[in-house]
Structure formats: C-alpha cells, structure tokens
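Chemist: Take this structure, written in structure tokens, and hold onto it; I'll ask about it next.
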Amino acid sequence: MFKSKHQNVLQNNRIKNFVIYGIGQIVNLVSPLLVMPYLIAVCEKEGLGKIGVGFSFALVLIVLVDYGSYINGTKEISINRENSDIIRTKIISIYVMKFILILISSFIAFLIIYFIPFFRKEQAIFFFSFLYVIGQFLNPTWIFQGLENYKWISFINIISKAIYVACIFIFISKKEDYIYANAYLGIGLIISSLIGLIYLIKKYNLQFYHNVAKDALLLLKQEFSLTFSQLFLSFYQYLPIMIISYVGGNGMAGQYRIIEQIVMIFRTYLQMFFNFIYAYVCLQIHTNLKKGIFNWLNYNALNYLFILLLVIIAFVFAEQILLYFNIESNDLKSMVYFLRLGLIIPIFMAISFALKQLLFALDKNKMYINITIGSSIFSLLAFFILVKTIELKGAFIATIFIEIMVIGLYCAVLKSIIRLSK
C-alpha cells in the first residue's frame, strides 16, 4: 500500500515537472515562429539567410564550449544529486573548463572571420552572433537538468526568449538590421543565465578550490573524444545552411532556413524530451538494467506516436503554414513541396534521438563517437554533391538518407545489449 502511494506521488511529480518544463520549452518553440515572419518582411529572404548562417556559426562554436557538460556533466549530477560536495566540485571544475574553452573558441572565431573571405564579407553578423556563444557558456541549464529542477530551466528559457522577441520587434526596423538579430538572442540568454548562476552560487556556496585547474584539465582530456564527435555532429546539423549559402546564394539559404526552422521545431521538441527523461533513464538503468530499458522504450514509443501525429498535421496544412511566413505567391508551390519533403526528417530523427539516449545511458560513448564522426563526414560530402546537382531538394534528401543510416548503425550496436537485458 505504502509502495503504491509512493509510486503515485513520484508519477504525479513527474507529470507536474513535465508540464513546468513543457511551458518553458513551448516558449523555445514559439519564439522563432513569432519573429521569423517579421524578419522576412523587414530583412527579406536574403537577410534571413544571413541570420541563419550566423546562427549556425554560433551553434558550431557552442559545441566546443559545452564540451560534454550536457551529457556526462548532467549524468554525474543526476547520479550524485544527494551529495552536495560532489555537485559543488563538479560545477566549479566544469565551469573552469568551459572558461578555458570560451577563450579558445574566441580565438578560433576571430581567425575564421578575419581570414576566410566567406565569413569576412559578413563579419558583423558573425561577431554579434558570438554573444549567443557567451550566453551558452554561462547557461546553467545542464546543472538543473541533472537535479531535475524544471522550474529554473523554464525560467531561464522564458526570460531569455522574452528579451529576444522584445528586442527584435523594438530595434529591428530596416533591412540592414539583420546583423543584430542573433545578438539579441545572446543578450537574452546572458541575462537569464546569470540569474540562474547567482541562485546556484548561493545554494551550493560555489567557490574555487585548490585543485580546480587540475580537475578542469583532466575533464578536458576525458571529454575530448566525445566533444570531438559532437563537433562533427554539429557540422552535420549546422553547416548545411553555410554550404547552401556558398553554392546557391543567400536567397536559397533563406528558403532553406524557413523549412529548417519548421523542422527545427521537431528537433527542439525532441531535444527537450531527450533532456527531460535523460537523467531519469540514466538513474533507472544504473539501478536496474532491464527495468530501465523497459521504461526508456515506453516513454519513447509514446513520444514517437505524438511526433507522427504532428508530422501528419503539418503535412496536411503545409500551405497554410508557409503563408504565415510571408512566402511570395510565386514561390509557394515549390516551398510546399520542400516542406513536405523536409517533414520526413522528424519521422526518422525521433528514432535516432531515442537510440542515442540509450547509447549514452549504457556508456556506449565510444561507439557513438565512431558512428557520429563517420556519418558526419559522409553527410557533408553527400550534402555538397546533392545541393550542387539538384539544388535545395538535395539538401533534404541527403538529411533523410543520413538519419536512416545512423539508425541502422545505432541498432547494430544496441542489438546485443537489448537482447541481454531480456
């Protein structure tokens, strides 16, 4: 009886947490949809393409700054959540490591922007986009995910996006203002992250300790291979718009950015779902392998049905969705075709996200690293060739093919483990 009551309380808390977390993530999903039609109207398709390229540039650098904190850092805090001393040490050492990495990233960004003509031509937007990298360096969401403190995660998301949306509508008023769009995103994240960090400093009495530099350097060494693979994954996710801009110009990049933003709603949701249950899945598998895998399967199966429903709705109402984005009538027919083609991606992406989560929870990082590096290199080659030959259609075909290939490789690695757990 007591056990049943305890399980009901845990289940109710999980539902409550999901609602709180979901509110914050809905803001993440909705904010780009609010500003994009306005940005298209003011900055036009070419300006939107440049904003997308700058944003992707920032996202690639963020992978270096995060350096595994959202995977292994979250996992360590989740497992040791009752031990304040371990949490305190882990937070400080990871932030010292991230500080070293933000300095390295700044230097790399400067070299790329100054010496590569493609970046130097639009250097203002890339420099302003780096504010988002600084915001992600400060962002303590990975800590709150490990602690399953979803109120603070939602607070950070809501405040940062509210500042971003307000700044876009207030300060962007002419075509040339596109260079500031990503800067406002960074400013919002910096302000909200600092508030979250102040809370953590007070709660855990965070301060530097004697061997913190040594621990930070050790973390750099331990996390190198995982981050190296994540860097390649970021190339696969974020370089396509740069390739399109280089091959087909900013107009085509703007078209891709519109479709990508719609598809990114699914990716953002899947990342949200991944983060929400990741700490729980890790804890369950750490406690009981069979039960943990069973719970992982149930959660992800229900989520997959939800994704399928959303894809079907978006497919049916593709034209209405694009009209919201101020698409010109002469481009509408082709854009509907591209959107429907792009909507195939989340169907496979949902499976790859779920399998990736299980790989991490089972400490199969090495296999994940090998798969990610190999598939990312192959994907960029395929992407460049297909965009060069069949233009924008090739971008979506390449992405679909790579997602299917990655799912096959994940299944090959996990097959023996799942059989063993039965």
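All residue names refer to the structure tokens as shown: chains lettered A, B, ... in order, residues numbered from 1 in each chain, ligands numbered from 1 in order.
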Val65 in chain A: which residues within 12 Å, counting only C-alpha atoms, same-chain residues fewer than 5 positions away excluded, as a PyMOL selection string?
Modeler: chain A and resi 58-60+70+94-106+108+130+132-139+220+223-224+227-228+230-231
Chemist: When you count only C-alpha atoms, which of these residues is closest to Lys356 in chain A: A:Leu206, A:Ile321, A:Val413, A:Glu328?
Modeler: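 Of A:Leu206, A:Ile321, A:Val413, A:Glu328, the one nearest Lys356 in chain A is A:Val413, counting only C-alpha atoms.
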Chemist: Between A:Asn370, A:Gln255, A:Asn28, A:Asn205, which one has atoms that come closest to Gln271 in chain A, using only C-alpha atoms?
Modeler: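 Ranking A:Asn370, A:Gln255, A:Asn28, A:Asn205 by distance to Gln271 in chain A, first place goes to A:Asn28.
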Chemist: Considering only C-alpha atoms, can you say which of A:Phe294, A:Trp142, A:Phe396, A:Phe384 comes closest to Gly342 in chain A?
Modeler: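 Under the stated criterion, the closest residue is A:Phe396.
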Chemist: Just the number, please: distance in Å from CA of Gly292 in chain A to CA of Gln357 in chain A, one decimal.
Modeler: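 These two atoms are separated by 12.0 Å.
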Chemist: From the list A:Phe232, A:Tyr209, A:Phe315, A:Trp152, which residue is nearest Val63 in chain A when using only C-alpha atoms?
Modeler: A:Phe232
Chemist: Taking the DSSP assignment computed from this structure's backbone, write out as a PyMOL selection string all residues of range 7-233 of chain A that belong to alpha helix (DSSP H).
Modeler: chain A and resi 7-66+74-79+84-115+117-120+123-138+141-147+150-171+181-204+212-222+224-233
